[in-house]
Amino acid sequence: MKSEEKETEEIIETTETGTEEKEANGMTVSYFGPALLPETLLERLGEQREIEGALERFEKKIANYVGAPYALGLSSSTSALHLAMCALDLKRGDKVLCPVNAFVDVPEVVRHFDAEPIFVDCDAHSYLIDLDRLEEALERYNHKKLRAVIVHHMAGLPVDLERLWELARRYDVKIVEDATHALGATYDARRIGSFPENLLTVFSLGDKCGTHFNAGILVTHDVECYERAALLRNHGMVEQAGGVDYLYDVVDIGCEYRLNDYEALYAEVLLEKNEDKRARRREIAEYYFLELAGLKHIRLPAGHPEHDYTRFIVEVDRNRDAFARALQSRGIEVNLHYVPLHATRYYKEKYHYKLFDFPQAMQAYQRVMSLPNRPEMSEEELAYVCETIREIDTVHV
């Protein structure tokens, strides 16, 4: 019988298998797409007046877009999450409840304070944090060291915020939203980030997990959190009075997390295109729902009127990796959201997790894959993806 550690390693390794040689006549459909600078950005880079003050201008625009009074433009979405923990003044030994089905930076930023991320299983169908399991965890860890709950709006589908707020009030914990999949998304017809019940919200503009541009945004309705985060994103430095602008003092330990003006200019261009991209992703989702309905081995994502489908996640009923390899052999790239955090080496060894401590996350992990849904995808690419999936589905075992 295989040891649990060996079984975990084998499961994880299957997601890292290289692509097979693509068929000679196949089309290549990239998941992340080429790194092309928008024409609008290239035009603005040639105009000095557009560059000066770009960060301040971007922060005003993003605050207005989201519907929050305070916003900070940051060097990445991970730095925004880390700065959110700084704003909470997290301390050694503090505890933060986190979804086990999330990107690695969620618990990572907690561990940087020698605090403990406590994982919560996901819902079996939406892949959002399971609020029943969250309530159990809040009851179990209901003491002063429990500081916050981080929730992740997975793939652009909003968490049930009404129930979340009720739990936060009952157990007196702060809510931090990882909305890196949800810029522009709505809950009850209001944008994510516009609710003062959530202390801090983190967004991403660009490509969070690839190698292209990624700007982080931290928004809040709390002036104290905003001022602390603004201080710490610039090394904890403050200007000193004296009639000159080169004197400074350091009042806390911070980081260099600011967007520079060139990056802010790029972020501003991406923000201007965000509504068009949201609309295009919904069009792509509708196409997939129509063309992939009724397949034997594929389960489509849960439908929801406020789902942004930032990721289009399907489930393969068995042997997901073989299905993915067949797609890759025909030039179609897919992705995985996510490897459950407790199954990765660091957290498994640090906190002695067992593989099926979070059974719903593990079940999803063994079945899910994210189809390409870049807003720039052509109709020809979409048709090719769907045609290929239907062909593979008929012979998949």
# chains A, B, ... in the order shown; residues from 1 in each chain; ligands from 1
$ residues_around --residues "region 158-169 of chain A" --least-positions-apart "3" --cutoff "8 Å" --atoms "only C-alpha atoms" --output "PyMOL selection string"
chain A and resi 128-129+131+135+151-154+172-175+182+185-187+192+197+306-307
$ select_by_dssp --residues "region 109-143 of chain A" --states "helix (DSSP H, G or I)" --output "PyMOL selection string"
chain A and resi 109-111+131-140
$ closest_atom_pairs --of "region 85-135 of chain A" --to "region 141-146 of chain A" --cutoff "9 Å" --atoms "only C-alpha atoms" --output "CSV"
residue,atom,partner,partner_atom,distance
A:Gly93,CA,A:Lys145,CA,7.0
A:Asp94,CA,A:Lys145,CA,4.7
A:Lys95,CA,A:Leu146,CA,4.7
A:Val96,CA,A:Leu146,CA,6.1
A:Leu97,CA,A:Leu146,CA,8.0
$ write_last_selection --atoms "C-alpha atoms" --output "PDB file, in the first residue's frame"
ATOM      1  CA  GLY A  93       0.990  33.512  17.183  1.00  0.00           C
ATOM      2  CA  ASP A  94      -2.079  35.203  15.717  1.00  0.00           C
ATOM      3  CA  LYS A  95      -4.429  33.023  13.685  1.00  0.00           C
ATOM      4  CA  VAL A  96      -6.106  33.756  10.345  1.00  0.00           C
ATOM      5  CA  LEU A  97      -8.687  31.491   8.726  1.00  0.00           C
TER       6      LEU A  97
END
$ closest_residue --among "A:Val238, A:Leu271, A:Thr28, A:His112" --to "Lys60 (chain A)" --atoms "only C-alpha atoms"
A:Leu271
$ atom_distance --atom1 "CA of Phe32 (chain A)" --atom2 "CA of Asp121 (chain A)"
27.8 Å
$ residues_around --residues "Cys255 (chain A)" --least-positions-apart "2" --cutoff "6 Å" --atoms "only C-alpha atoms" --output "PyMOL selection string"
chain A and resi 233-235+257
$ write_last_selection --atoms "C-alpha atoms" --output "PDB file, in the first residue's frame"
ATOM      1  CA  ARG A 233       4.269  50.590   1.344  1.00  0.00           C
ATOM      2  CA  ASN A 234       7.080  53.187   1.314  1.00  0.00           C
ATOM      3  CA  HIS A 235       9.537  51.771   3.879  1.00  0.00           C
ATOM      4  CA  TYR A 257       5.487  48.163  -2.635  1.00  0.00           C
TER       5      TYR A 257
END
$ residues_around --residues "region 116-119 of chain A" --least-positions-apart "3" --cutoff "12 Å" --atoms "only C-alpha atoms" --output "number ranges by chain"
A: 85, 90-102, 104-113, 122, 129-130, 133-134, 136-138, 140-141, 145-151, 340-343, 347-348, 350-351, 353, 357-358, 361
$ residues_around --residues "region 247-253 of chain A" --least-positions-apart "3" --cutoff "8 Å" --atoms "only C-alpha atoms" --output "PDB file with N, CA and C atoms, in the first residue's frame"
ATOM      1  N   LEU A 232       3.438  52.041   5.223  1.00  0.00           N
ATOM      2  CA  LEU A 232       4.304  50.861   5.150  1.00  0.00           C
ATOM      3  C   LEU A 232       4.659  50.473   3.718  1.00  0.00           C
ATOM      4  N   HIS A 235       8.468  51.972   2.898  1.00  0.00           N
ATOM      5  CA  HIS A 235       9.537  51.771   3.879  1.00  0.00           C
ATOM      6  C   HIS A 235       9.249  52.376   5.253  1.00  0.00           C
ATOM      7  N   GLY A 236       8.020  52.768   5.530  1.00  0.00           N
ATOM      8  CA  GLY A 236       7.737  53.419   6.811  1.00  0.00           C
ATOM      9  C   GLY A 236       8.374  54.791   6.926  1.00  0.00           C
ATOM     10  N   MET A 237       8.599  55.440   5.778  1.00  0.00           N
ATOM     11  CA  MET A 237       9.275  56.743   5.752  1.00  0.00           C
ATOM     12  C   MET A 237       8.267  57.884   5.771  1.00  0.00           C
ATOM     13  N   VAL A 238       8.621  58.966   6.458  1.00  0.00           N
ATOM     14  CA  VAL A 238       7.820  60.190   6.456  1.00  0.00           C
ATOM     15  C   VAL A 238       8.749  61.373   6.203  1.00  0.00           C
ATOM     16  N   GLU A 239       8.195  62.384   5.565  1.00  0.00           N
ATOM     17  CA  GLU A 239       8.977  63.598   5.339  1.00  0.00           C
ATOM     18  C   GLU A 239       9.106  64.379   6.645  1.00  0.00           C
ATOM     19  N   GLN A 240      10.257  65.019   6.816  1.00  0.00           N
ATOM     20  CA  GLN A 240      10.478  65.874   7.983  1.00  0.00           C
ATOM     21  C   GLN A 240      10.324  67.333   7.597  1.00  0.00           C
ATOM     22  N   ALA A 241       9.778  68.085   8.525  1.00  0.00           N
ATOM     23  CA  ALA A 241       9.653  69.522   8.288  1.00  0.00           C
ATOM     24  C   ALA A 241      11.039  70.155   8.238  1.00  0.00           C
ATOM     25  N   GLY A 242      11.165  71.239   7.493  1.00  0.00           N
ATOM     26  CA  GLY A 242      12.449  71.918   7.422  1.00  0.00           C
ATOM     27  C   GLY A 242      12.601  72.738   6.159  1.00  0.00           C
ATOM     28  N   VAL A 244      12.761  71.724   3.092  1.00  0.00           N
ATOM     29  CA  VAL A 244      13.373  71.022   1.961  1.00  0.00           C
ATOM     30  C   VAL A 244      12.685  69.666   1.831  1.00  0.00           C
TER      31      VAL A 244
END
$ closest_residue --among "A:Leu355, A:Ala84, A:Ala326, A:Val269" --to "Val395 (chain A)" --atoms "only C-alpha atoms"
A:Ala326
$ select_by_dssp --residues "region 62-141 of chain A" --states "strand (DSSP E or B)" --output "PyMOL selection string"
chain A and resi 70-74+95-99+116-120+122+129
$ residues_around --residues "Thr220 (chain A)" --least-positions-apart "4" --cutoff "9 Å" --atoms "only C-alpha atoms" --output "PyMOL selection string"
chain A and resi 68-71+193-196+198-201+225-226
$ closest_residue --among "A:Leu292, A:Ala279, A:Ala285, A:Met369" --to "Val314 (chain A)" --atoms "only C-alpha atoms"
A:Met369
$ closest_residue --among "A:Arg390, A:Arg191, A:His125, A:Arg258" --to "Asp308 (chain A)" --atoms "only C-alpha atoms"
A:Arg191
$ atom_distance --atom1 "CA of Tyr262 (chain A)" --atom2 "CA of Ser204 (chain A)"
16.7 Å
$ atom_distance --atom1 "CA of Asp317 (chain A)" --atom2 "CA of Asn373 (chain A)"
21.2 Å
$ closest_residue --among "A:Ala230, A:Leu183, A:Leu74, A:Val219" --to "Lys273 (chain A)" --atoms "only C-alpha atoms"
A:Leu183
$ closest_residue --among "A:Phe103, A:Asp89, A:Lys61, A:His297" --to "Tyr338 (chain A)" --atoms "only C-alpha atoms"
A:Phe103
